[in-house]
Every structure is written in C-alpha cells, then in structure tokens.
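What follows is the content of final.pdb (PDB, C-alpha atoms).
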MODEL        1
ATOM      1  CA  MET A  24      26.866 -29.135  -3.868  1.00  0.00           C
ATOM      2  CA  ARG A  25      28.356 -25.944  -2.441  1.00  0.00           C
ATOM      3  CA  ILE A  26      31.994 -25.544  -1.442  1.00  0.00           C
ATOM      4  CA  SER A  27      32.315 -23.987   2.003  1.00  0.00           C
ATOM      5  CA  LYS A  28      34.567 -21.105   2.985  1.00  0.00           C
ATOM      6  CA  SER A  29      36.756 -23.538   4.892  1.00  0.00           C
ATOM      7  CA  GLU A  30      37.124 -25.728   1.788  1.00  0.00           C
ATOM      8  CA  LEU A  31      37.997 -22.716  -0.359  1.00  0.00           C
ATOM      9  CA  GLU A  32      40.894 -22.009   1.983  1.00  0.00           C
ATOM     10  CA  ARG A  33      41.890 -25.683   2.189  1.00  0.00           C
ATOM     11  CA  TYR A  34      42.032 -26.077  -1.599  1.00  0.00           C
ATOM     12  CA  ALA A  35      43.324 -22.562  -2.366  1.00  0.00           C
ATOM     13  CA  ARG A  36      46.530 -23.713  -4.110  1.00  0.00           C
ATOM     14  CA  GLN A  37      44.622 -26.337  -6.076  1.00  0.00           C
ATOM     15  CA  LEU A  38      41.925 -23.918  -7.241  1.00  0.00           C
ATOM     16  CA  ILE A  39      44.475 -21.795  -9.112  1.00  0.00           C
ATOM     17  CA  VAL A  40      45.818 -24.733 -11.139  1.00  0.00           C
ATOM     18  CA  PRO A  41      44.960 -24.129 -14.836  1.00  0.00           C
ATOM     19  CA  GLY A  42      42.037 -26.288 -15.865  1.00  0.00           C
ATOM     20  CA  MET A  43      40.801 -26.969 -12.342  1.00  0.00           C
ATOM     21  CA  GLY A  44      39.277 -24.014 -10.506  1.00  0.00           C
ATOM     22  CA  LEU A  45      35.878 -24.143  -8.805  1.00  0.00           C
ATOM     23  CA  LYS A  46      34.409 -26.239 -11.602  1.00  0.00           C
ATOM     24  CA  GLY A  47      37.058 -28.911 -11.156  1.00  0.00           C
ATOM     25  CA  GLN A  48      36.787 -28.785  -7.365  1.00  0.00           C
ATOM     26  CA  ASN A  49      33.040 -29.346  -7.581  1.00  0.00           C
ATOM     27  CA  LYS A  50      33.663 -32.363  -9.814  1.00  0.00           C
ATOM     28  CA  LEU A  51      36.067 -33.768  -7.221  1.00  0.00           C
ATOM     29  CA  LYS A  52      33.597 -33.178  -4.393  1.00  0.00           C
ATOM     30  CA  LYS A  53      30.879 -35.067  -6.275  1.00  0.00           C
ATOM     31  CA  ALA A  54      33.247 -37.883  -7.290  1.00  0.00           C
ATOM     32  CA  SER A  55      33.924 -41.213  -5.629  1.00  0.00           C
ATOM     33  CA  ALA A  56      36.837 -43.606  -5.939  1.00  0.00           C
ATOM     34  CA  LEU A  57      37.499 -47.156  -4.784  1.00  0.00           C
ATOM     35  CA  VAL A  58      41.138 -47.663  -3.768  1.00  0.00           C
ATOM     36  CA  VAL A  59      41.938 -51.376  -3.841  1.00  0.00           C
ATOM     37  CA  GLY A  60      44.895 -51.896  -1.527  1.00  0.00           C
ATOM     38  CA  SER A  61      45.902 -49.816   1.495  1.00  0.00           C
ATOM     39  CA  GLY A  62      49.630 -50.480   1.384  1.00  0.00           C
ATOM     40  CA  GLY A  63      52.651 -48.894  -0.280  1.00  0.00           C
ATOM     41  CA  LEU A  64      50.645 -47.658  -3.279  1.00  0.00           C
ATOM     42  CA  GLY A  65      47.187 -47.360  -1.724  1.00  0.00           C
ATOM     43  CA  GLY A  66      48.382 -45.214   1.165  1.00  0.00           C
ATOM     44  CA  PRO A  67      49.773 -42.309  -0.896  1.00  0.00           C
ATOM     45  CA  VAL A  68      46.977 -42.638  -3.469  1.00  0.00           C
ATOM     46  CA  SER A  69      44.300 -42.393  -0.765  1.00  0.00           C
ATOM     47  CA  SER A  70      46.119 -39.588   1.028  1.00  0.00           C
ATOM     48  CA  TYR A  71      46.424 -37.366  -2.043  1.00  0.00           C
ATOM     49  CA  LEU A  72      42.858 -38.035  -3.211  1.00  0.00           C
ATOM     50  CA  ALA A  73      41.578 -37.231   0.275  1.00  0.00           C
ATOM     51  CA  ALA A  74      43.711 -34.091   0.508  1.00  0.00           C
ATOM     52  CA  ALA A  75      42.427 -32.986  -2.900  1.00  0.00           C
ATOM     53  CA  GLY A  76      38.803 -33.288  -1.777  1.00  0.00           C
ATOM     54  CA  VAL A  77      37.475 -36.341  -3.634  1.00  0.00           C
ATOM     55  CA  GLY A  78      34.062 -36.628  -1.980  1.00  0.00           C
ATOM     56  CA  ARG A  79      33.929 -40.323  -1.133  1.00  0.00           C
ATOM     57  CA  LEU A  80      36.720 -42.883  -0.888  1.00  0.00           C
ATOM     58  CA  GLY A  81      36.340 -46.628  -0.480  1.00  0.00           C
ATOM     59  CA  LEU A  82      39.457 -48.207   1.068  1.00  0.00           C
ATOM     60  CA  ALA A  83      39.541 -51.939   0.363  1.00  0.00           C
ATOM     61  CA  ASP A  84      42.159 -54.150   1.987  1.00  0.00           C
ATOM     62  CA  PHE A  85      41.809 -57.576   3.591  1.00  0.00           C
ATOM     63  CA  GLY A  86      45.116 -57.480   5.460  1.00  0.00           C
ATOM     64  CA  ASP A  87      46.384 -56.487   8.883  1.00  0.00           C
ATOM     65  CA  LEU A  88      49.488 -54.370   9.362  1.00  0.00           C
ATOM     66  CA  GLU A  89      52.759 -56.318   9.590  1.00  0.00           C
ATOM     67  CA  LEU A  90      56.190 -55.174  10.726  1.00  0.00           C
ATOM     68  CA  SER A  91      57.638 -55.811   7.234  1.00  0.00           C
ATOM     69  CA  ASN A  92      55.161 -53.265   5.780  1.00  0.00           C
ATOM     70  CA  LEU A  93      56.683 -50.304   7.591  1.00  0.00           C
ATOM     71  CA  ASN A  94      59.679 -49.699   5.310  1.00  0.00           C
ATOM     72  CA  ARG A  95      57.266 -48.278   2.702  1.00  0.00           C
ATOM     73  CA  GLN A  96      53.878 -47.789   4.387  1.00  0.00           C
ATOM     74  CA  VAL A  97      54.952 -44.710   6.268  1.00  0.00           C
ATOM     75  CA  PHE A  98      51.453 -43.543   7.234  1.00  0.00           C
ATOM     76  CA  PHE A  99      51.199 -46.384   9.806  1.00  0.00           C
ATOM     77  CA  ARG A 100      52.974 -46.682  13.163  1.00  0.00           C
ATOM     78  CA  THR A 101      54.708 -49.568  14.930  1.00  0.00           C
ATOM     79  CA  ARG A 102      51.991 -49.582  17.584  1.00  0.00           C
ATOM     80  CA  ASP A 103      49.435 -50.350  14.823  1.00  0.00           C
ATOM     81  CA  ILE A 104      50.858 -53.809  14.021  1.00  0.00           C
ATOM     82  CA  GLY A 105      48.134 -56.446  13.879  1.00  0.00           C
ATOM     83  CA  ARG A 106      45.285 -54.006  13.182  1.00  0.00           C
ATOM     84  CA  PRO A 107      43.284 -53.836   9.894  1.00  0.00           C
ATOM     85  CA  LYS A 108      45.020 -51.531   7.436  1.00  0.00           C
ATOM     86  CA  ALA A 109      41.843 -50.234   5.771  1.00  0.00           C
ATOM     87  CA  VAL A 110      40.368 -49.203   9.119  1.00  0.00           C
ATOM     88  CA  LEU A 111      43.622 -47.589  10.266  1.00  0.00           C
ATOM     89  CA  LEU A 112      44.005 -45.640   7.035  1.00  0.00           C
ATOM     90  CA  ALA A 113      40.413 -44.392   7.078  1.00  0.00           C
ATOM     91  CA  ALA A 114      40.822 -43.096  10.647  1.00  0.00           C
ATOM     92  CA  GLN A 115      44.042 -41.247   9.812  1.00  0.00           C
ATOM     93  CA  LEU A 116      42.697 -39.698   6.620  1.00  0.00           C
ATOM     94  CA  LYS A 117      39.560 -38.483   8.391  1.00  0.00           C
ATOM     95  CA  GLU A 118      41.876 -36.303  10.463  1.00  0.00           C
ATOM     96  CA  LEU A 119      43.534 -35.053   7.277  1.00  0.00           C
ATOM     97  CA  ASN A 120      40.262 -34.020   5.628  1.00  0.00           C
ATOM     98  CA  PRO A 121      36.954 -34.236   7.520  1.00  0.00           C
ATOM     99  CA  HIS A 122      35.043 -33.131   4.393  1.00  0.00           C
ATOM    100  CA  VAL A 123      35.624 -36.543   2.759  1.00  0.00           C
ATOM    101  CA  VAL A 124      33.525 -39.653   3.436  1.00  0.00           C
ATOM    102  CA  PHE A 125      35.687 -42.743   4.024  1.00  0.00           C
ATOM    103  CA  GLU A 126      34.396 -46.287   3.680  1.00  0.00           C
ATOM    104  CA  PRO A 127      36.875 -48.902   4.979  1.00  0.00           C
ATOM    105  CA  LEU A 128      36.216 -52.297   3.374  1.00  0.00           C
ATOM    106  CA  ARG A 129      37.968 -55.250   4.969  1.00  0.00           C
ATOM    107  CA  VAL A 130      37.266 -57.669   2.152  1.00  0.00           C
ATOM    108  CA  LYS A 131      39.307 -59.672  -0.347  1.00  0.00           C
ATOM    109  CA  LEU A 132      37.943 -58.496  -3.680  1.00  0.00           C
ATOM    110  CA  ASP A 133      37.418 -60.479  -6.877  1.00  0.00           C
ATOM    111  CA  SER A 134      35.463 -59.776 -10.067  1.00  0.00           C
ATOM    112  CA  ALA A 135      32.265 -61.153  -8.496  1.00  0.00           C
ATOM    113  CA  ASN A 136      32.137 -59.100  -5.288  1.00  0.00           C
ATOM    114  CA  LEU A 137      33.628 -56.077  -7.055  1.00  0.00           C
ATOM    115  CA  ALA A 138      30.571 -55.862  -9.328  1.00  0.00           C
ATOM    116  CA  PRO A 139      28.109 -54.461  -6.752  1.00  0.00           C
ATOM    117  CA  LEU A 140      30.784 -52.144  -5.317  1.00  0.00           C
ATOM    118  CA  LEU A 141      31.526 -50.579  -8.683  1.00  0.00           C
ATOM    119  CA  LYS A 142      27.961 -49.267  -8.860  1.00  0.00           C
ATOM    120  CA  LYS A 143      28.887 -46.983  -5.942  1.00  0.00           C
ATOM    121  CA  TYR A 144      32.166 -45.585  -7.285  1.00  0.00           C
ATOM    122  CA  SER A 145      33.048 -43.644 -10.421  1.00  0.00           C
ATOM    123  CA  LEU A 146      36.724 -44.620 -10.520  1.00  0.00           C
ATOM    124  CA  VAL A 147      38.900 -47.511  -9.341  1.00  0.00           C
ATOM    125  CA  MET A 148      42.528 -47.275  -8.208  1.00  0.00           C
ATOM    126  CA  ASP A 149      44.470 -50.514  -8.658  1.00  0.00           C
ATOM    127  CA  CYS A 150      46.987 -50.522  -5.810  1.00  0.00           C
ATOM    128  CA  THR A 151      47.318 -54.305  -5.508  1.00  0.00           C
ATOM    129  CA  ASP A 152      50.539 -56.311  -5.431  1.00  0.00           C
ATOM    130  CA  ASN A 153      49.787 -59.343  -7.636  1.00  0.00           C
ATOM    131  CA  PHE A 154      48.530 -60.045 -11.146  1.00  0.00           C
ATOM    132  CA  GLU A 155      45.651 -62.228 -10.018  1.00  0.00           C
ATOM    133  CA  ALA A 156      44.065 -59.271  -8.209  1.00  0.00           C
ATOM    134  CA  ARG A 157      44.909 -56.850 -11.034  1.00  0.00           C
ATOM    135  CA  PHE A 158      43.213 -59.037 -13.621  1.00  0.00           C
ATOM    136  CA  GLU A 159      40.127 -59.365 -11.403  1.00  0.00           C
ATOM    137  CA  ILE A 160      39.905 -55.560 -11.228  1.00  0.00           C
ATOM    138  CA  ASN A 161      40.412 -55.349 -14.992  1.00  0.00           C
ATOM    139  CA  LYS A 162      37.607 -57.838 -15.646  1.00  0.00           C
ATOM    140  CA  ALA A 163      35.176 -56.168 -13.233  1.00  0.00           C
ATOM    141  CA  CYS A 164      35.886 -52.683 -14.618  1.00  0.00           C
ATOM    142  CA  PHE A 165      35.304 -53.872 -18.176  1.00  0.00           C
ATOM    143  CA  ARG A 166      31.945 -55.363 -17.238  1.00  0.00           C
ATOM    144  CA  ALA A 167      30.905 -52.230 -15.324  1.00  0.00           C
ATOM    145  CA  GLY A 168      32.322 -49.709 -17.807  1.00  0.00           C
ATOM    146  CA  ARG A 169      34.541 -48.130 -15.167  1.00  0.00           C
ATOM    147  CA  PRO A 170      38.032 -46.708 -15.791  1.00  0.00           C
ATOM    148  CA  PHE A 171      40.857 -47.585 -13.431  1.00  0.00           C
ATOM    149  CA  VAL A 172      44.361 -46.339 -12.765  1.00  0.00           C
ATOM    150  CA  HIS A 173      46.866 -49.175 -12.543  1.00  0.00           C
ATOM    151  CA  GLY A 174      50.071 -48.966 -10.533  1.00  0.00           C
ATOM    152  CA  ALA A 175      52.721 -51.573  -9.767  1.00  0.00           C
ATOM    153  CA  VAL A 176      56.247 -51.708  -8.356  1.00  0.00           C
ATOM    154  CA  TYR A 177      59.106 -54.195  -8.346  1.00  0.00           C
ATOM    155  CA  GLY A 178      62.469 -53.155  -6.970  1.00  0.00           C
ATOM    156  CA  PHE A 179      63.396 -49.770  -8.442  1.00  0.00           C
ATOM    157  CA  GLU A 180      60.871 -50.112 -11.272  1.00  0.00           C
ATOM    158  CA  GLY A 181      57.374 -48.653 -11.273  1.00  0.00           C
ATOM    159  CA  GLN A 182      54.504 -49.019 -13.736  1.00  0.00           C
ATOM    160  CA  LEU A 183      51.545 -46.753 -14.368  1.00  0.00           C
ATOM    161  CA  ALA A 184      48.613 -46.893 -16.786  1.00  0.00           C
ATOM    162  CA  VAL A 185      45.161 -45.342 -17.128  1.00  0.00           C
ATOM    163  CA  ILE A 186      42.892 -48.135 -18.337  1.00  0.00           C
ATOM    164  CA  ASP A 187      39.401 -47.623 -19.743  1.00  0.00           C
ATOM    165  CA  PRO A 188      38.614 -51.147 -21.000  1.00  0.00           C
ATOM    166  CA  ARG A 189      35.396 -50.170 -22.798  1.00  0.00           C
ATOM    167  CA  ARG A 190      37.155 -47.459 -24.840  1.00  0.00           C
ATOM    168  CA  GLY A 191      40.631 -48.865 -25.394  1.00  0.00           C
ATOM    169  CA  PRO A 192      42.977 -51.725 -24.523  1.00  0.00           C
ATOM    170  CA  CYS A 193      42.510 -53.422 -21.168  1.00  0.00           C
ATOM    171  CA  LEU A 194      45.201 -54.657 -18.791  1.00  0.00           C
ATOM    172  CA  LYS A 195      44.989 -58.159 -20.272  1.00  0.00           C
ATOM    173  CA  CYS A 196      45.858 -56.662 -23.664  1.00  0.00           C
ATOM    174  CA  ALA A 197      49.010 -55.262 -22.050  1.00  0.00           C
ATOM    175  CA  PHE A 198      49.852 -58.558 -20.338  1.00  0.00           C
ATOM    176  CA  PRO A 199      48.270 -61.349 -22.449  1.00  0.00           C
ATOM    177  CA  HIS A 200      50.436 -63.975 -20.766  1.00  0.00           C
ATOM    178  CA  THR A 201      50.096 -63.944 -16.997  1.00  0.00           C
ATOM    179  CA  PRO A 202      53.530 -63.619 -15.376  1.00  0.00           C
ATOM    180  CA  PRO A 203      54.420 -66.506 -13.045  1.00  0.00           C
ATOM    181  CA  PRO A 204      53.733 -65.869  -9.349  1.00  0.00           C
ATOM    182  CA  LEU A 205      56.663 -64.713  -7.241  1.00  0.00           C
ATOM    183  CA  LYS A 206      58.406 -67.386  -5.194  1.00  0.00           C
ATOM    184  CA  SER A 207      59.040 -64.922  -2.389  1.00  0.00           C
ATOM    185  CA  ALA A 208      58.055 -61.402  -1.354  1.00  0.00           C
ATOM    186  CA  ALA A 209      58.648 -58.707  -3.982  1.00  0.00           C
ATOM    187  CA  PRO A 210      61.640 -56.419  -3.341  1.00  0.00           C
ATOM    188  CA  VAL A 211      60.420 -52.878  -2.694  1.00  0.00           C
ATOM    189  CA  PRO A 212      62.555 -49.897  -1.604  1.00  0.00           C
ATOM    190  CA  GLY A 213      60.280 -47.548   0.333  1.00  0.00           C
ATOM    191  CA  PRO A 214      60.268 -44.388  -1.838  1.00  0.00           C
ATOM    192  CA  VAL A 215      59.313 -46.194  -5.076  1.00  0.00           C
ATOM    193  CA  PRO A 216      55.669 -47.038  -4.246  1.00  0.00           C
ATOM    194  CA  GLY A 217      55.332 -43.568  -2.723  1.00  0.00           C
ATOM    195  CA  ALA A 218      56.404 -41.966  -6.002  1.00  0.00           C
ATOM    196  CA  VAL A 219      54.255 -44.250  -8.174  1.00  0.00           C
ATOM    197  CA  GLY A 220      51.250 -43.782  -5.866  1.00  0.00           C
ATOM    198  CA  ALA A 221      51.582 -40.001  -6.168  1.00  0.00           C
ATOM    199  CA  MET A 222      51.640 -40.349  -9.960  1.00  0.00           C
ATOM    200  CA  GLN A 223      48.529 -42.537  -9.844  1.00  0.00           C
ATOM    201  CA  ALA A 224      46.754 -39.911  -7.770  1.00  0.00           C
ATOM    202  CA  ALA A 225      47.738 -37.176 -10.241  1.00  0.00           C
ATOM    203  CA  GLU A 226      46.242 -39.158 -13.135  1.00  0.00           C
ATOM    204  CA  ALA A 227      43.087 -39.801 -11.093  1.00  0.00           C
ATOM    205  CA  LEU A 228      42.605 -36.099 -10.348  1.00  0.00           C
ATOM    206  CA  LYS A 229      42.995 -35.224 -14.033  1.00  0.00           C
ATOM    207  CA  LEU A 230      40.547 -37.955 -14.998  1.00  0.00           C
ATOM    208  CA  LEU A 231      37.938 -36.826 -12.468  1.00  0.00           C
ATOM    209  CA  CYS A 232      38.312 -33.157 -13.483  1.00  0.00           C
ATOM    210  CA  GLY A 233      38.017 -33.930 -17.193  1.00  0.00           C
ATOM    211  CA  LEU A 234      41.628 -33.013 -18.004  1.00  0.00           C
ATOM    212  CA  PRO A 235      43.804 -34.965 -20.497  1.00  0.00           C
ATOM    213  CA  VAL A 236      45.311 -38.161 -19.086  1.00  0.00           C
ATOM    214  CA  SER A 237      47.895 -40.651 -20.274  1.00  0.00           C
ATOM    215  CA  ARG A 238      45.591 -43.180 -21.975  1.00  0.00           C
ATOM    216  CA  ASP A 239      46.584 -46.313 -23.907  1.00  0.00           C
ATOM    217  CA  ARG A 240      50.153 -46.221 -22.654  1.00  0.00           C
ATOM    218  CA  LEU A 241      52.068 -48.198 -20.077  1.00  0.00           C
ATOM    219  CA  LEU A 242      54.567 -45.879 -18.406  1.00  0.00           C
ATOM    220  CA  ILE A 243      57.597 -47.639 -16.933  1.00  0.00           C
ATOM    221  CA  TYR A 244      59.721 -45.660 -14.492  1.00  0.00           C
ATOM    222  CA  ASP A 245      63.287 -46.840 -13.958  1.00  0.00           C
ATOM    223  CA  PHE A 246      64.173 -45.134 -10.687  1.00  0.00           C
ATOM    224  CA  ALA A 247      67.578 -46.849 -10.586  1.00  0.00           C
ATOM    225  CA  HIS A 248      68.754 -44.956 -13.681  1.00  0.00           C
ATOM    226  CA  GLY A 249      66.345 -42.007 -13.732  1.00  0.00           C
ATOM    227  CA  MET A 250      64.661 -43.050 -16.980  1.00  0.00           C
ATOM    228  CA  LEU A 251      61.088 -43.224 -18.288  1.00  0.00           C
ATOM    229  CA  HIS A 252      59.851 -45.611 -20.967  1.00  0.00           C
ATOM    230  CA  ALA A 253      56.411 -45.370 -22.586  1.00  0.00           C
ATOM    231  CA  VAL A 254      54.925 -48.456 -24.242  1.00  0.00           C
ATOM    232  CA  ARG A 255      51.978 -47.912 -26.587  1.00  0.00           C
ATOM    233  CA  LEU A 256      49.117 -50.290 -25.782  1.00  0.00           C
ATOM    234  CA  GLU A 257      46.863 -51.693 -28.470  1.00  0.00           C
ATOM    235  CA  LYS A 258      43.579 -53.518 -28.196  1.00  0.00           C
ATOM    236  CA  ILE A 259      43.922 -57.225 -28.962  1.00  0.00           C
ATOM    237  CA  LYS A 260      40.982 -58.665 -30.887  1.00  0.00           C
ATOM    238  CA  SER A 261      41.474 -62.082 -29.303  1.00  0.00           C
ATOM    239  CA  CYS A 262      41.678 -60.679 -25.741  1.00  0.00           C
ATOM    240  CA  PRO A 263      39.564 -62.910 -23.439  1.00  0.00           C
ATOM    241  CA  VAL A 264      38.312 -59.826 -21.559  1.00  0.00           C
ATOM    242  CA  CYS A 265      37.669 -56.995 -24.021  1.00  0.00           C
ATOM    243  CA  GLY A 266      38.224 -58.588 -27.447  1.00  0.00           C
ATOM    244  CA  ARG A 267      35.645 -59.769 -29.918  1.00  0.00           C
ATOM    245  CA  ARG A 268      34.265 -63.150 -28.950  1.00  0.00           C
TER
ENDMDL
END
Just give me the structure of the file as structure tokens.
Amino acid sequence: MRISKSELERYARQLIVPGMGLKGQNKLKKASALVVGSGGLGGPVSSYLAAAGVGRLGLADFGDLELSNLNRQVFFRTRDIGRPKAVLLAAQLKELNPHVVFEPLRVKLDSANLAPLLKKYSLVMDCTDNFEARFEINKACFRAGRPFVHGAVYGFEGQLAVIDPRRGPCLKCAFPHTPPPLKSAAPVPGPVPGAVGAMQAAEALKLLCGLPVSRDRLLIYDFAHGMLHAVRLEKIKSCPVCGRR
C-alpha cells in the first residue's frame, strides 16, 4: 500500500517522529479502528486518528446531536441539532482527510452486535459515557482478542487505560464492582474530554505503530489540581470476564 506524494506532505511532521517514519505511517494506513461514541471523547479521538492517517475508521453512535452537547463537542454546530452524530462526524472528517475511509454506524452496540464488527477492525476506542457500555466493549474485546483504549471523564477528572484483555487485566478487573448509575447527567467541563480524547488517540497511534504504550495501568488525571495518579492493574483470577472459570 503506497503512500502518495500528497500524503507524504500531509504527514511530514509525523514522519520525522522517532519510531514512526514511513514504516509507522504504512502501519497506520493499513490499520482500522472502531470508535464507540462520537461525543466529547469520540470527537477528538476520531479527529486525531483521521488526521494521522489511520486507514479506516468506524464511528459508532446511536444518538442525535442535542443542544447540551455543544459545551464540549466543539466539532458540531448549532445548526446540526437533531441530526445523527456519527453521520455528521464522518462528513466533517472526510473534509479533514479524504485518504481515510469513514464508516458511520448509527447503532447502539452491545457485546452481541459488537462481535461481527470486531472482525473488521484491529483496535477499539472506548469513548462511551456509562459503565454498562464500557463493560460490553470489554467483554466483546476479550472474546475477539482485540485491544481497546478506554477513556472516561467526570467533572475535572479523566481516566485512561490501554486494555488488552487476552494478555493482561481487563476493565472488569479494574472495576470488579459496577459503580451505581448516575441519577442525573454527568458534570463535564468542555476541555476535559478534549484533553483525555487526545491522550487516547496518542496511545492508539503508539499501539498501531508498535511503539510502547501504557499497559496494565489506569491513569487518573486530576485537572482541577494539575496532578496525575497511576494505578497498577492486576488480573483477577475470579474475574467473570477474563479470569479462570
């Protein structure tokens, strides 16, 4: 799969990053990623993966754009309210990078309908906003042997983890007891999901290029106080997803 002259110019600053180069760019062009969620996290994740030249991106989101989304989902416009977010995002990103294939998926995913989709993608980006969806992604990725990059935000706190449930601890190992559902919408200041989404994209690019990534750790960013905490994750033998039965 040859890289064109136009692509060489487009990715010029990326090609000189140590460890990437033409070899890494070719890996990105051949790669595919499924981004689950097209909101505050999914938007920046998809944008940076598209800009970097990941060959094929699936954009999965069941929802339509709402006015309350626009404090953090800055890639949409007020005139877009009521339209499907996955379709809107795919159209905008096609203008950003026409060399990438975009597949908008207006579907509510669970571990059952994720299974056939995962055969088409080499990596999954967890950009969802609830633990039910996150655990469904975790379960499906374990069954399919696919790694995924998990991101989450609440207020001024962000979480990030690279999960490869066949090789190490899964997300259920990190959260063995499901947190109770929120009684109202989660508080989210706009820049926080943008920052966490950019970090997710950075980990995804390293993973796809074969560079070292932050495995087996849950990184917790405290944006309110400018602090980072790293929690070591360990595989739980009794885990209902990846443990020994």
Write out as an mmCIF file with C-alpha atoms, in the coordinates of the input which residues come within 10 Å of A:Ile160 when counting only C-alpha atoms, dropping same-chain ones fewer than 2 positions away.
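New file result12.cif:
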data_model
loop_
_atom_site.group_PDB
_atom_site.id
_atom_site.type_symbol
_atom_site.label_atom_id
_atom_site.label_comp_id
_atom_site.auth_asym_id
_atom_site.auth_seq_id
_atom_site.Cartn_x
_atom_site.Cartn_y
_atom_site.Cartn_z
ATOM 1 C CA VAL A 59 41.938 -51.376 -3.841
ATOM 2 C CA LEU A 132 37.943 -58.496 -3.680
ATOM 3 C CA ASP A 133 37.418 -60.479 -6.877
ATOM 4 C CA SER A 134 35.463 -59.776 -10.067
ATOM 5 C CA ALA A 135 32.265 -61.153 -8.496
ATOM 6 C CA LEU A 137 33.628 -56.077 -7.055
ATOM 7 C CA ALA A 138 30.571 -55.862 -9.328
ATOM 8 C CA VAL A 147 38.900 -47.511 -9.341
ATOM 9 C CA MET A 148 42.528 -47.275 -8.208
ATOM 10 C CA ASP A 149 44.470 -50.514 -8.658
ATOM 11 C CA THR A 151 47.318 -54.305 -5.508
ATOM 12 C CA PHE A 154 48.530 -60.045 -11.146
ATOM 13 C CA GLU A 155 45.651 -62.228 -10.018
ATOM 14 C CA ALA A 156 44.065 -59.271 -8.209
ATOM 15 C CA ARG A 157 44.909 -56.850 -11.034
ATOM 16 C CA PHE A 158 43.213 -59.037 -13.621
ATOM 17 C CA LYS A 162 37.607 -57.838 -15.646
ATOM 18 C CA ALA A 163 35.176 -56.168 -13.233
ATOM 19 C CA CYS A 164 35.886 -52.683 -14.618
ATOM 20 C CA PHE A 165 35.304 -53.872 -18.176
ATOM 21 C CA ARG A 166 31.945 -55.363 -17.238
ATOM 22 C CA ARG A 169 34.541 -48.130 -15.167
ATOM 23 C CA PHE A 171 40.857 -47.585 -13.431
ATOM 24 C CA HIS A 173 46.866 -49.175 -12.543
ATOM 25 C CA LEU A 194 45.201 -54.657 -18.791
#
Name every residue that the PyMOL selection byres ((chain A and resi 190) around 10) selects in this structure, writing the answer as a PyMOL selection string with chains first and numbers rising.
chain A and resi 165+168+170+186-189+191-193+238-239+258+265
For the residues in the current selection, export C-alpha atoms as a compact mmCIF listing (two decimals), keeping the file's coordinate frame.
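Contents of selection19.txt, freshly written:
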# COMPACT_ATOMS: atom_id res chain seq x y z
CA PHE A 165 35.30 -53.87 -18.18
CA GLY A 168 32.32 -49.71 -17.81
CA PRO A 170 38.03 -46.71 -15.79
CA ILE A 186 42.89 -48.14 -18.34
CA ASP A 187 39.40 -47.62 -19.74
CA PRO A 188 38.61 -51.15 -21.00
CA ARG A 189 35.40 -50.17 -22.80
CA GLY A 191 40.63 -48.86 -25.39
CA PRO A 192 42.98 -51.72 -24.52
CA CYS A 193 42.51 -53.42 -21.17
CA ARG A 238 45.59 -43.18 -21.98
CA ASP A 239 46.58 -46.31 -23.91
CA LYS A 258 43.58 -53.52 -28.20
CA CYS A 265 37.67 -57.00 -24.02
For the file shown, what are the residues hit by the PyMOL selection byres ((chain A and resi 82) around 7), laid out as JSON, numbers by chain?
{"A": [57, 58, 59, 61, 80, 81, 83, 84, 109, 126, 127, 128]}
Restricting the calculation to all atoms listed in the file, which member of A:Leu31, A:Leu72, A:Leu38, A:Val130 is positioned closest to A:Asp87?
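Selected residue with least distance to A:Asp87: A:Val130.
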If the PyMOL selection byres ((chain A and resi 78) around 7) were run on this exact file, what residues would it hold? Put them as a PyMOL selection string.
chain A and resi 51-55+76-77+79-80+123-124
The selected residues should be written to file as a compact mmCIF listing (two decimals), in the coordinates of the input (atoms: C-alpha atoms).
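Writing done, so here's out_6.txt:
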# COMPACT_ATOMS: atom_id res chain seq x y z
CA LEU A 51 36.07 -33.77 -7.22
CA LYS A 52 33.60 -33.18 -4.39
CA LYS A 53 30.88 -35.07 -6.28
CA ALA A 54 33.25 -37.88 -7.29
CA SER A 55 33.92 -41.21 -5.63
CA GLY A 76 38.80 -33.29 -1.78
CA VAL A 77 37.48 -36.34 -3.63
CA ARG A 79 33.93 -40.32 -1.13
CA LEU A 80 36.72 -42.88 -0.89
CA VAL A 123 35.62 -36.54 2.76
CA VAL A 124 33.52 -39.65 3.44
Atom pair atom CA of A:Cys232 / atom CA of A:Lys50: separation (Å):
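Interatomic distance, atom CA of A:Cys232 to atom CA of A:Lys50: 6.0 Å.
Coordinates place atom CA of A:Ser237 at a distance of 14.1 Å from atom CA of A:Val219.
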Residue with smallest distance to A:Arg255 - pool A:Leu234, A:Ala184, A:Ala56, A:Leu111, counting only C-alpha atoms:
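Result for the nearest residue to A:Arg255: A:Ala184.
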Rank nothing, just name the residue among A:Gly181, A:Gly60, A:Gly66, A:Gly217 nearest to A:Arg129, using only C-alpha atoms.
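Of the candidates, the smallest distance to A:Arg129 is held by A:Gly60.
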